[in-house]
Amino acid sequence: QQQIKLVNRPVGTPVKEDFEFTQAPIGEPAEGEVLIRTNYISVDPYLRGRMNDVKSYVPPFELNTVISSGVVGQVVESKLPNYEKGDIVTGMLGWQQYSVAKESEIRKIDTKLAPASAYLSVLGMTGLTAYFGLLDIGQPKEGETVVVSGAAGAVGSMVGQIAKIKGTRVVGIAGSAEKTDYLINELGFDAAINYKTEDVPAALGKACPNGIDVYYENVGGEIGDAVLPLLNKFARIPVCGAISAYNNKEADVGLRVQSYLIKSSALMKGFTVGDYSERFKEGLEALAGWLQEGKIQYEETITEGFENTIDAFLDLFKGANLGKAIVKVSEI
Ligand code: NDP
C-alpha cells in the first residue's frame, strides 16, 4: 500500500517536496484491532501548524512518519468483538490506503443519516468547530450582526448557517465571486464580500449598518483588522483560526487589538474544538437535526485519488475548495 510521509518541515508555503509517497505492507490486525480500508481523507488547514516543530495544542508531526488526519474507512478485517467486516468508521488515522486501529481510535458512523464523507464535514470536526465556537463563545442573539471570514470553507459555511438559524444578520467574507454568490444564493447569507476584489473595510461598513456583534475569526491578517473598528459594545470574537498567517515566514504584525477591545468591551477568545470534547454528542445531535430538517446544507470539494492528497492539501491555501476539502481514496 501507499503512504504519505512528511519529509521536510515546510518553510513558508508547503511544497510537494515536503512530502513523500512510500510503499509499506498492509498491517495485520492483532487481537483488539481492526484493519480499515481508507475511503476518505480530510485535508485541513490546521495540519499546516503540525508540520512546524513548535509546541502547540497538538504535537507536531515527526519527520519521516505518516501524516494523520480525519479519515472515513471500511472495516475489512476485525479482531474486535463489536466490529465486523463492512462497518464504516471514522477516526484520526494515517494518510495511507489501509490502517490498523484500536477500538479507542475509531467510532462507527451511520451512513443512513448522511453520506460517509459528511462525517468529515458537517457531522465531523469542522461542523463541531463551527457549532461550539459560534454558540459558546459568539453567543449570537436574534437581530445581531454576525461576520464570518473564511465564510465559504468547511467551518465558515456552517458558522453562517447556524447564525442564520439563530436569527442574526450574517455577513460572509470569502475569496471569489463564485463563493460570495454561493453564500448569498445557496446558504441565505444576508451579504457577502469578496476580499480579493473589494475594499473590505468599506464593504463591511456598508454590509453592517448596525455594526458587528460577533466576528467569527478564521483568517486573521488584514481581514481581521478590518472588522475591529466596527465592533459594537460587548461584541464577541471567537478566534478559531488565522489561515492568512500560517505560511508566513515572519511574525505577522497587524492592527493592535487592545484599544478596539477596550472601546467596545468586546470579548476575544481563542479555542480549539477539543476544548468541547465532553459535549461533542450534543453538537453532533444538533447538527444532524438541522441537516435532517433541511436547515443546513453542506458542500464538499472532493478530490479523487490518493495520489492527489498532497495537491488537495496545498489547494486549501489557494482557496480552491468550496465547503469541506476531502480526498476520495476508494469506493465504499
Ligand atoms: P476551509 O475549508 O475554510 O479552507 C481554507 C480556506 O481558507 C480556503 O478555501 C480559502 O478560501 C481561505 N484562505 C486561504 N488562504 C487565505 C488567506 N491568505 N486569507 C484569507 N483566506 C484564506 O478550512 P477549515 O474550515 O478547515 O478551517 C477554517 C479555519 O478554521 C482555519 O483557520 C483553521 O485553521 C481553523 N480551524 C480551527 C479549529 C479549532 O479547533 N480552533 C478546528 C478547525 C479549523 P478563500 O477562497 O475564501 O480565500
# chains A, B, ... in the order shown; residues from 1 in each chain; ligands from 1
>>> select_by_dssp(residues="range 65-204 of chain A", states="helix (DSSP H, G or I)", output="compact mmCIF listing (two decimals) with N, CA and C atoms, in the first residue's frame")
# COMPACT_ATOMS: atom_id res chain seq x y z
N GLU A 103 -9.88 0.01 19.22
CA GLU A 103 -11.25 0.49 19.43
C GLU A 103 -11.29 1.96 19.84
N SER A 104 -10.33 2.38 20.67
CA SER A 104 -10.35 3.76 21.17
C SER A 104 -10.08 4.78 20.05
N GLU A 105 -9.60 4.32 18.91
CA GLU A 105 -9.23 5.26 17.84
C GLU A 105 -10.34 5.46 16.80
N ALA A 116 -21.16 9.00 3.97
CA ALA A 116 -19.97 8.79 4.82
C ALA A 116 -19.08 10.02 4.90
N SER A 117 -18.89 10.70 3.77
CA SER A 117 -17.96 11.84 3.77
C SER A 117 -18.44 12.97 4.69
N ALA A 118 -19.74 13.03 4.96
CA ALA A 118 -20.28 14.10 5.82
C ALA A 118 -19.71 14.02 7.23
N TYR A 119 -19.21 12.83 7.60
CA TYR A 119 -18.62 12.70 8.93
C TYR A 119 -17.23 13.33 9.00
N LEU A 120 -16.75 13.83 7.85
CA LEU A 120 -15.53 14.64 7.86
C LEU A 120 -15.86 16.11 7.65
N MET A 125 -15.38 17.15 12.51
CA MET A 125 -14.65 18.12 13.32
C MET A 125 -14.99 19.57 12.92
N THR A 126 -15.12 19.83 11.62
CA THR A 126 -15.34 21.23 11.24
C THR A 126 -16.75 21.71 11.60
N GLY A 127 -17.73 20.81 11.51
CA GLY A 127 -19.09 21.17 11.94
C GLY A 127 -19.10 21.49 13.43
N LEU A 128 -18.41 20.67 14.20
CA LEU A 128 -18.36 20.89 15.66
C LEU A 128 -17.62 22.18 16.00
N THR A 129 -16.58 22.47 15.24
CA THR A 129 -15.81 23.70 15.48
C THR A 129 -16.71 24.92 15.28
N ALA A 130 -17.51 24.88 14.22
CA ALA A 130 -18.43 25.99 13.96
C ALA A 130 -19.46 26.09 15.08
N TYR A 131 -20.03 24.97 15.43
CA TYR A 131 -21.11 24.93 16.43
C TYR A 131 -20.65 25.51 17.77
N PHE A 132 -19.55 24.98 18.30
CA PHE A 132 -19.15 25.42 19.64
C PHE A 132 -18.54 26.82 19.64
N GLY A 133 -17.71 27.12 18.65
CA GLY A 133 -17.10 28.45 18.62
C GLY A 133 -18.17 29.53 18.52
N LEU A 134 -19.14 29.30 17.64
CA LEU A 134 -20.17 30.33 17.45
C LEU A 134 -21.10 30.40 18.65
N LEU A 135 -21.62 29.25 19.07
CA LEU A 135 -22.68 29.30 20.09
C LEU A 135 -22.12 29.52 21.49
N ASP A 136 -20.99 28.91 21.81
CA ASP A 136 -20.48 29.04 23.17
C ASP A 136 -19.75 30.36 23.38
N ILE A 137 -18.91 30.74 22.42
CA ILE A 137 -18.15 31.99 22.59
C ILE A 137 -18.88 33.16 21.92
N GLY A 138 -19.38 32.94 20.72
CA GLY A 138 -20.04 34.03 19.98
C GLY A 138 -21.38 34.44 20.57
N ALA A 154 -15.15 25.02 5.12
CA ALA A 154 -15.85 24.00 5.90
C ALA A 154 -16.43 24.58 7.19
N VAL A 155 -15.63 25.27 7.97
CA VAL A 155 -16.10 25.84 9.23
C VAL A 155 -17.00 27.04 8.95
N GLY A 156 -16.52 27.96 8.13
CA GLY A 156 -17.24 29.22 7.91
C GLY A 156 -18.64 29.03 7.36
N SER A 157 -18.81 28.08 6.44
CA SER A 157 -20.13 27.89 5.85
C SER A 157 -21.13 27.38 6.88
N MET A 158 -20.64 26.62 7.85
CA MET A 158 -21.52 26.15 8.93
C MET A 158 -21.81 27.28 9.92
N VAL A 159 -20.80 28.07 10.23
CA VAL A 159 -20.99 29.19 11.16
C VAL A 159 -22.11 30.10 10.66
N GLY A 160 -22.04 30.46 9.38
CA GLY A 160 -23.04 31.39 8.83
C GLY A 160 -24.44 30.81 8.90
N GLN A 161 -24.56 29.52 8.60
CA GLN A 161 -25.90 28.92 8.59
C GLN A 161 -26.46 28.77 10.01
N ILE A 162 -25.58 28.45 10.95
CA ILE A 162 -26.06 28.34 12.34
C ILE A 162 -26.46 29.74 12.84
N ALA A 163 -25.67 30.73 12.44
CA ALA A 163 -26.01 32.10 12.85
C ALA A 163 -27.35 32.53 12.26
N LYS A 164 -27.67 32.07 11.04
CA LYS A 164 -28.99 32.37 10.46
C LYS A 164 -30.09 31.67 11.27
N ILE A 165 -29.84 30.42 11.65
CA ILE A 165 -30.84 29.69 12.46
C ILE A 165 -31.14 30.49 13.74
N ALA A 177 -15.95 35.34 -6.49
CA ALA A 177 -17.35 35.68 -6.79
C ALA A 177 -18.21 34.43 -6.71
N GLU A 178 -17.65 33.29 -7.12
CA GLU A 178 -18.40 32.03 -7.04
C GLU A 178 -18.78 31.78 -5.57
N LYS A 179 -17.84 32.05 -4.68
CA LYS A 179 -18.09 31.80 -3.26
C LYS A 179 -19.09 32.79 -2.68
N THR A 180 -18.95 34.07 -3.01
CA THR A 180 -19.91 35.04 -2.44
C THR A 180 -21.32 34.79 -2.99
N ASP A 181 -21.41 34.39 -4.27
CA ASP A 181 -22.73 34.03 -4.83
C ASP A 181 -23.32 32.85 -4.07
N TYR A 182 -22.50 31.86 -3.83
CA TYR A 182 -22.95 30.66 -3.11
C TYR A 182 -23.47 31.04 -1.72
N LEU A 183 -22.73 31.90 -1.03
CA LEU A 183 -23.13 32.28 0.34
C LEU A 183 -24.50 32.95 0.33
N ILE A 184 -24.71 33.84 -0.62
CA ILE A 184 -25.97 34.59 -0.64
C ILE A 184 -27.10 33.73 -1.22
N ASN A 185 -26.84 33.11 -2.36
CA ASN A 185 -27.94 32.44 -3.08
C ASN A 185 -28.25 31.04 -2.57
N GLU A 186 -27.26 30.33 -2.09
CA GLU A 186 -27.50 28.96 -1.63
C GLU A 186 -27.66 28.88 -0.12
N VAL A 200 -12.33 45.87 1.65
CA VAL A 200 -13.03 45.17 2.74
C VAL A 200 -13.56 46.13 3.81
N PRO A 201 -12.77 47.09 4.31
CA PRO A 201 -13.34 47.99 5.33
C PRO A 201 -14.58 48.73 4.83
N ALA A 202 -14.53 49.21 3.58
CA ALA A 202 -15.68 49.96 3.05
C ALA A 202 -16.88 49.02 2.87
N ALA A 203 -16.62 47.84 2.32
CA ALA A 203 -17.72 46.89 2.07
C ALA A 203 -18.33 46.41 3.38
N LEU A 204 -17.50 46.24 4.40
CA LEU A 204 -18.02 45.82 5.71
C LEU A 204 -18.91 46.91 6.29
>>> select_by_dssp(residues="range 205-260 of chain A", states="strand (DSSP E or B)", output="ChimeraX atom specification")
/A:212-217,231-239
>>> residues_near_ligand(ligand="ligand 1", cutoff="8 Å", atoms="only C-alpha atoms and all ligand atoms", output="number ranges by chain")
A: 43-47, 125-126, 129, 133, 149-157, 173-176, 179, 194-195, 217-221, 223, 239-245, 270-274, 315-325
>>> write_last_selection(atoms="C-alpha atoms", output="PDB file, in the first residue's frame")
ATOM      1  CA  VAL A  43      -7.345  17.700   4.407  1.00  0.00           C
ATOM      2  CA  ASP A  44      -7.340  20.669   6.774  1.00  0.00           C
ATOM      3  CA  PRO A  45      -5.514  23.988   7.157  1.00  0.00           C
ATOM      4  CA  TYR A  46      -4.746  23.239  10.824  1.00  0.00           C
ATOM      5  CA  LEU A  47      -2.435  20.426   9.693  1.00  0.00           C
ATOM      6  CA  MET A 125     -14.648  18.124  13.315  1.00  0.00           C
ATOM      7  CA  THR A 126     -15.335  21.235  11.237  1.00  0.00           C
ATOM      8  CA  THR A 129     -15.812  23.702  15.477  1.00  0.00           C
ATOM      9  CA  GLY A 133     -17.104  28.454  18.623  1.00  0.00           C
ATOM     10  CA  SER A 149     -14.312  35.117   7.471  1.00  0.00           C
ATOM     11  CA  GLY A 150     -13.270  32.048   5.520  1.00  0.00           C
ATOM     12  CA  ALA A 151     -17.016  32.006   5.024  1.00  0.00           C
ATOM     13  CA  ALA A 152     -17.288  29.542   2.141  1.00  0.00           C
ATOM     14  CA  GLY A 153     -14.997  26.979   3.752  1.00  0.00           C
ATOM     15  CA  ALA A 154     -15.854  23.996   5.900  1.00  0.00           C
ATOM     16  CA  VAL A 155     -16.097  25.839   9.230  1.00  0.00           C
ATOM     17  CA  GLY A 156     -17.235  29.223   7.909  1.00  0.00           C
ATOM     18  CA  SER A 157     -20.132  27.890   5.846  1.00  0.00           C
ATOM     19  CA  ILE A 173     -16.068  37.231   3.680  1.00  0.00           C
ATOM     20  CA  ALA A 174     -14.595  34.910   1.045  1.00  0.00           C
ATOM     21  CA  GLY A 175     -12.155  34.875  -1.843  1.00  0.00           C
ATOM     22  CA  SER A 176     -14.133  34.599  -5.102  1.00  0.00           C
ATOM     23  CA  LYS A 179     -18.087  31.797  -3.261  1.00  0.00           C
ATOM     24  CA  ASN A 194     -15.078  39.184  -1.970  1.00  0.00           C
ATOM     25  CA  TYR A 195     -11.886  40.213  -0.173  1.00  0.00           C
ATOM     26  CA  GLU A 217     -12.342  34.739  13.035  1.00  0.00           C
ATOM     27  CA  ASN A 218     -10.950  32.139  10.638  1.00  0.00           C
ATOM     28  CA  VAL A 219      -8.309  34.050   8.713  1.00  0.00           C
ATOM     29  CA  GLY A 220      -6.683  36.873  10.725  1.00  0.00           C
ATOM     30  CA  GLY A 221      -4.457  39.403   8.949  1.00  0.00           C
ATOM     31  CA  ILE A 223      -9.416  40.914   7.120  1.00  0.00           C
ATOM     32  CA  VAL A 239     -10.808  33.151  17.416  1.00  0.00           C
ATOM     33  CA  CYS A 240     -10.884  29.906  15.509  1.00  0.00           C
ATOM     34  CA  GLY A 241      -8.025  30.265  13.055  1.00  0.00           C
ATOM     35  CA  ALA A 242      -5.698  32.601  11.173  1.00  0.00           C
ATOM     36  CA  ILE A 243      -5.026  30.875   7.868  1.00  0.00           C
ATOM     37  CA  SER A 244      -3.690  34.059   6.258  1.00  0.00           C
ATOM     38  CA  ALA A 245      -0.664  33.801   8.543  1.00  0.00           C
ATOM     39  CA  GLY A 270      -9.312  31.588  21.284  1.00  0.00           C
ATOM     40  CA  PHE A 271     -10.408  27.975  21.359  1.00  0.00           C
ATOM     41  CA  THR A 272      -9.826  24.576  19.867  1.00  0.00           C
ATOM     42  CA  VAL A 273     -12.657  22.223  19.114  1.00  0.00           C
ATOM     43  CA  GLY A 274     -11.067  19.740  21.517  1.00  0.00           C
ATOM     44  CA  ASP A 315      -5.060  23.836  -2.627  1.00  0.00           C
ATOM     45  CA  LEU A 316      -6.512  24.915   0.741  1.00  0.00           C
ATOM     46  CA  PHE A 317      -4.072  27.812   0.782  1.00  0.00           C
ATOM     47  CA  LYS A 318      -5.178  28.828  -2.710  1.00  0.00           C
ATOM     48  CA  GLY A 319      -8.848  28.803  -1.793  1.00  0.00           C
ATOM     49  CA  ALA A 320      -9.686  26.084  -4.330  1.00  0.00           C
ATOM     50  CA  ASN A 321     -12.271  24.464  -2.057  1.00  0.00           C
ATOM     51  CA  LEU A 322     -15.927  25.349  -1.588  1.00  0.00           C
ATOM     52  CA  GLY A 323     -17.064  23.803   1.686  1.00  0.00           C
ATOM     53  CA  LYS A 324     -15.042  20.904   3.072  1.00  0.00           C
ATOM     54  CA  ALA A 325     -11.955  19.646   1.247  1.00  0.00           C
TER      55      ALA A 325
END
>>> residues_around(residues="Val71 in chain A", least_positions_apart="6", cutoff="7 Å", atoms="only C-alpha atoms", output="list in words")
Thr38, Tyr40, Ile41, Ser42, Thr90, Gly91, Met92 and Leu93 of chain A
>>> closest_residue(among="A:Phe189, A:Trp290, A:Tyr98, A:Phe280", to="Gly27 in chain A", atoms="only C-alpha atoms")
A:Tyr98
>>> closest_residue(among="A:Val253, A:Val329, A:Ala288, A:Val147", to="Lys112 in chain A", atoms="only C-alpha atoms")
A:Ala288
>>> residues_around(residues="range 246-248 of chain A", least_positions_apart="3", cutoff="8 Å", atoms="only C-alpha atoms", output="VMD selection string")
chain A and resid 11 to 14 48 to 49 242 to 243 251 to 252
>>> closest_residue(among="A:Asp199, A:Lys79, A:Lys249, A:Leu267", to="Gln139 in chain A", atoms="only C-alpha atoms")
A:Leu267
>>> closest_residue(among="A:Thr111, A:Phe313, A:Ile106, A:Asn39", to="Thr301 in chain A", atoms="only C-alpha atoms")
A:Phe313
